[in-house]
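**Student:** The structure is given below, and queries will be raised subsequently.
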Amino acid sequence: MREAPGTHDPTHLPSDIPVPQDDGGARHLAGMKLSDLALPATSGGAVNPARLAGRTVLYIYPRTGVPGADLPPGWDDIPGARGCTPQSCGFRDHFAELKALGVSHVFGLSTQDTDYQREAAERLRLPFPILSDAGLKFARALSLPTFSVAGMTLLKRMALIIDDGVIVKVFYPVFPPDKNAAEVVAWLREGGPGRTT
């Protein structure tokens with residue numbers, strides 16, 4: 001069931017959205033060292049994920065919606081597009097658990113600009129910053145999978161576990177998006193490779 005104009009609820013995840021398939025777009029990422037790039041953060045200043053010590057969880061999403069603002073045309077028909085707010089809320093709700101499992105840093109990342117991201121971060125009361133890759137420098141450096149809609153180049157949804165600047169685990173494709181954080185928690189509980197403290 002599609003939303004009527006002006007009634008968008010970004011927290012709602014329709015039951016009939018298409019499931020994304022693994023297109024191989026993230027197969028090259030495990031084992032990669034992050035490029036030395038600083039990204040603007042909603043907390044102010046910039047963050048360089050490549051220089052962070054310890055374990056980082058970086059979840060990547062196309063774009064968060066705004067309540068009442070219509071989605072791009074055909075958004076709900078694009079596999080993996082819908083669900084950015086539920087994904088962010090999942091990481092918010094599991095934040096304390098992630099920290100208890102030895103995660104030093106949690107970030108979201110999209111190609112939206114920081115002002116747009118800040119509104120969502122405040123509205124959703126996220127306890128961690130969102131990073132902006134509006135210039136697509138991070139996406140290009142890692143050859144992240146993208147898609148285009150309504151003149152925007154957006155990142156496909158995934159989550160990365162990074163130890164001292166090196167990607168050790170990739171969750172891709174992510175579905176359903178609201179369960180992504182729980183999936184990351186389960187992987188960490190099982191001990192995953194590398195650091196577990």
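Every chain in the structure tokens has a letter given in the order shown (A, B, ...), and although residue numbers restart at 1 in each chain, ligands are simply numbered from 1 in the order shown.
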Give me the residues near Ile78 (chain A) as number ranges by chain, where near means some atom within 9 Å (using only C-alpha atoms) and where sequence neighbours in that chain fewer than 3 positions away do not count.

**Tutor:** A: 17-20, 74-75, 81-82

**Student:** Create the file for the chosen residues now, containing C-alpha atoms and written as a PDB file, in the first residue's frame.

**Tutor:**
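This went into selection-v5.pdb:
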```pdb
ATOM      1  CA  ILE A  17       8.892  -3.712  -0.325  1.00  0.00           C
ATOM      2  CA  PRO A  18      11.175  -5.673  -2.672  1.00  0.00           C
ATOM      3  CA  VAL A  19      14.084  -7.637  -1.213  1.00  0.00           C
ATOM      4  CA  PRO A  20      17.552  -6.580  -2.468  1.00  0.00           C
ATOM      5  CA  GLY A  74       9.225   4.904  -7.373  1.00  0.00           C
ATOM      6  CA  TRP A  75      11.217   4.778  -4.137  1.00  0.00           C
ATOM      7  CA  ALA A  81      15.824   1.735  -0.795  1.00  0.00           C
ATOM      8  CA  ARG A  82      13.114   1.958   1.871  1.00  0.00           C
TER       9      ARG A  82
END
```

**Student:** Would you list, as a PyMOL selection string, the residues of region 10-185 of chain A that end up in strand (DSSP E) under DSSP run on this structure's backbone?

**Tutor:** chain A and resi 39-40+46-47+55-60+103-110+130-132+146-149+152-155+158-163+166-171

**Student:** What are the nearest atom pairs, with distances in Å to one decimal, for all residues of region 115-192 of chain A that come at most 7 Å from region 51-70 of chain A, using only C-alpha atoms, set out by chain and rising residue number as CSV?

**Tutor:**
```
residue,atom,partner,partner_atom,distance
A:Leu154,CA,A:Pro62,CA,5.0
A:Leu155,CA,A:Pro62,CA,4.8
A:Lys156,CA,A:Pro62,CA,5.8
A:Arg157,CA,A:Tyr61,CA,4.4
A:Met158,CA,A:Ile60,CA,5.2
A:Ala159,CA,A:Tyr59,CA,4.0
A:Leu160,CA,A:Leu58,CA,5.2
A:Ile161,CA,A:Val57,CA,4.8
A:Ile162,CA,A:Thr56,CA,5.0
A:Asp163,CA,A:Arg55,CA,4.5
A:Asp164,CA,A:Ala53,CA,4.8
A:Gly165,CA,A:Arg51,CA,6.1
```

**Student:** Output N, CA and C atoms of each residue in that selection to a file, as a PDB file, in the first residue's frame.

**Tutor:**
```pdb
ATOM      1  N   LEU A 154      23.002   7.707  -4.701  1.00  0.00           N
ATOM      2  CA  LEU A 154      22.830   7.261  -3.324  1.00  0.00           C
ATOM      3  C   LEU A 154      23.576   5.954  -3.083  1.00  0.00           C
ATOM      4  N   LEU A 155      23.968   5.740  -1.844  1.00  0.00           N
ATOM      5  CA  LEU A 155      24.683   4.524  -1.472  1.00  0.00           C
ATOM      6  C   LEU A 155      23.708   3.399  -1.192  1.00  0.00           C
ATOM      7  N   LYS A 156      24.064   2.194  -1.615  1.00  0.00           N
ATOM      8  CA  LYS A 156      23.252   1.030  -1.267  1.00  0.00           C
ATOM      9  C   LYS A 156      23.493   0.683   0.208  1.00  0.00           C
ATOM     10  N   ARG A 157      22.466   0.149   0.836  1.00  0.00           N
ATOM     11  CA  ARG A 157      22.500  -0.116   2.264  1.00  0.00           C
ATOM     12  C   ARG A 157      23.463  -1.256   2.617  1.00  0.00           C
ATOM     13  N   MET A 158      24.270  -1.021   3.647  1.00  0.00           N
ATOM     14  CA  MET A 158      25.183  -2.042   4.151  1.00  0.00           C
ATOM     15  C   MET A 158      25.639  -1.641   5.550  1.00  0.00           C
ATOM     16  N   ALA A 159      26.372  -2.513   6.199  1.00  0.00           N
ATOM     17  CA  ALA A 159      27.025  -2.184   7.458  1.00  0.00           C
ATOM     18  C   ALA A 159      28.424  -2.774   7.430  1.00  0.00           C
ATOM     19  N   LEU A 160      29.380  -2.002   7.935  1.00  0.00           N
ATOM     20  CA  LEU A 160      30.774  -2.430   7.967  1.00  0.00           C
ATOM     21  C   LEU A 160      31.246  -2.497   9.412  1.00  0.00           C
ATOM     22  N   ILE A 161      31.989  -3.542   9.740  1.00  0.00           N
ATOM     23  CA  ILE A 161      32.696  -3.589  11.009  1.00  0.00           C
ATOM     24  C   ILE A 161      34.171  -3.371  10.685  1.00  0.00           C
ATOM     25  N   ILE A 162      34.746  -2.360  11.341  1.00  0.00           N
ATOM     26  CA  ILE A 162      36.091  -1.885  11.013  1.00  0.00           C
ATOM     27  C   ILE A 162      36.957  -1.958  12.265  1.00  0.00           C
ATOM     28  N   ASP A 163      38.086  -2.610  12.175  1.00  0.00           N
ATOM     29  CA  ASP A 163      39.040  -2.683  13.282  1.00  0.00           C
ATOM     30  C   ASP A 163      40.289  -1.903  12.915  1.00  0.00           C
ATOM     31  N   ASP A 164      40.553  -0.826  13.664  1.00  0.00           N
ATOM     32  CA  ASP A 164      41.749  -0.001  13.430  1.00  0.00           C
ATOM     33  C   ASP A 164      41.901   0.374  11.953  1.00  0.00           C
ATOM     34  N   GLY A 165      40.791   0.766  11.333  1.00  0.00           N
ATOM     35  CA  GLY A 165      40.839   1.254   9.957  1.00  0.00           C
ATOM     36  C   GLY A 165      40.754   0.195   8.879  1.00  0.00           C
TER      37      GLY A 165
END
```

**Student:** Show which residues sit within 12 Å of Tyr116 (chain A), as a compact mmCIF listing (two decimals) with N, CA and C atoms, in the first residue's frame. Count only C-alpha atoms, and ignore same-chain residues fewer than 4 positions away.

**Tutor:**
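Result written to around_39.txt:
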```txt
# COMPACT_ATOMS: atom_id res chain seq x y z
N ALA A 41 30.60 15.57 10.24
CA ALA A 41 29.76 14.81 11.17
C ALA A 41 28.69 15.70 11.76
N THR A 42 27.54 15.10 12.08
CA THR A 42 26.44 15.86 12.67
C THR A 42 26.78 16.38 14.06
N ARG A 63 19.18 7.33 2.06
CA ARG A 63 18.75 8.65 2.52
C ARG A 63 17.60 8.50 3.51
N THR A 64 17.61 9.31 4.54
CA THR A 64 16.48 9.32 5.46
C THR A 64 15.39 10.22 4.92
N GLY A 65 14.15 9.84 5.16
CA GLY A 65 13.03 10.67 4.77
C GLY A 65 12.64 11.62 5.90
N VAL A 66 11.78 12.55 5.56
CA VAL A 66 11.26 13.53 6.53
C VAL A 66 9.76 13.30 6.64
N SER A 110 25.66 8.62 4.89
CA SER A 110 24.88 8.73 3.65
C SER A 110 25.47 9.85 2.81
N THR A 111 24.90 10.05 1.63
CA THR A 111 25.38 11.13 0.76
C THR A 111 24.60 12.43 0.97
N GLN A 112 23.71 12.46 1.95
CA GLN A 112 23.00 13.71 2.25
C GLN A 112 23.95 14.68 2.95
N ALA A 120 17.58 14.81 11.06
CA ALA A 120 17.18 13.43 11.33
C ALA A 120 17.82 12.93 12.62
N ALA A 121 19.10 13.22 12.82
CA ALA A 121 19.81 12.76 14.02
C ALA A 121 19.15 13.31 15.29
N GLU A 122 18.73 14.57 15.24
CA GLU A 122 18.08 15.18 16.41
C GLU A 122 16.68 14.64 16.59
N ARG A 123 15.93 14.52 15.49
CA ARG A 123 14.54 14.04 15.58
C ARG A 123 14.49 12.60 16.09
N ILE A 130 26.14 11.10 12.50
CA ILE A 130 25.98 10.67 11.11
C ILE A 130 27.04 11.40 10.29
N LEU A 131 27.69 10.68 9.40
CA LEU A 131 28.74 11.25 8.56
C LEU A 131 28.19 11.50 7.15
N SER A 132 28.66 12.59 6.55
CA SER A 132 28.19 12.95 5.22
C SER A 132 29.27 12.68 4.17
N ALA A 134 28.67 13.64 0.95
CA ALA A 134 27.95 14.36 -0.11
C ALA A 134 28.78 14.48 -1.39
```

**Student:** I need the residues of region 45-111 of chain A that end up classed as helix (DSSP H, G or I) by DSSP on the backbone, written out as a count of residues only.

**Tutor:** 22
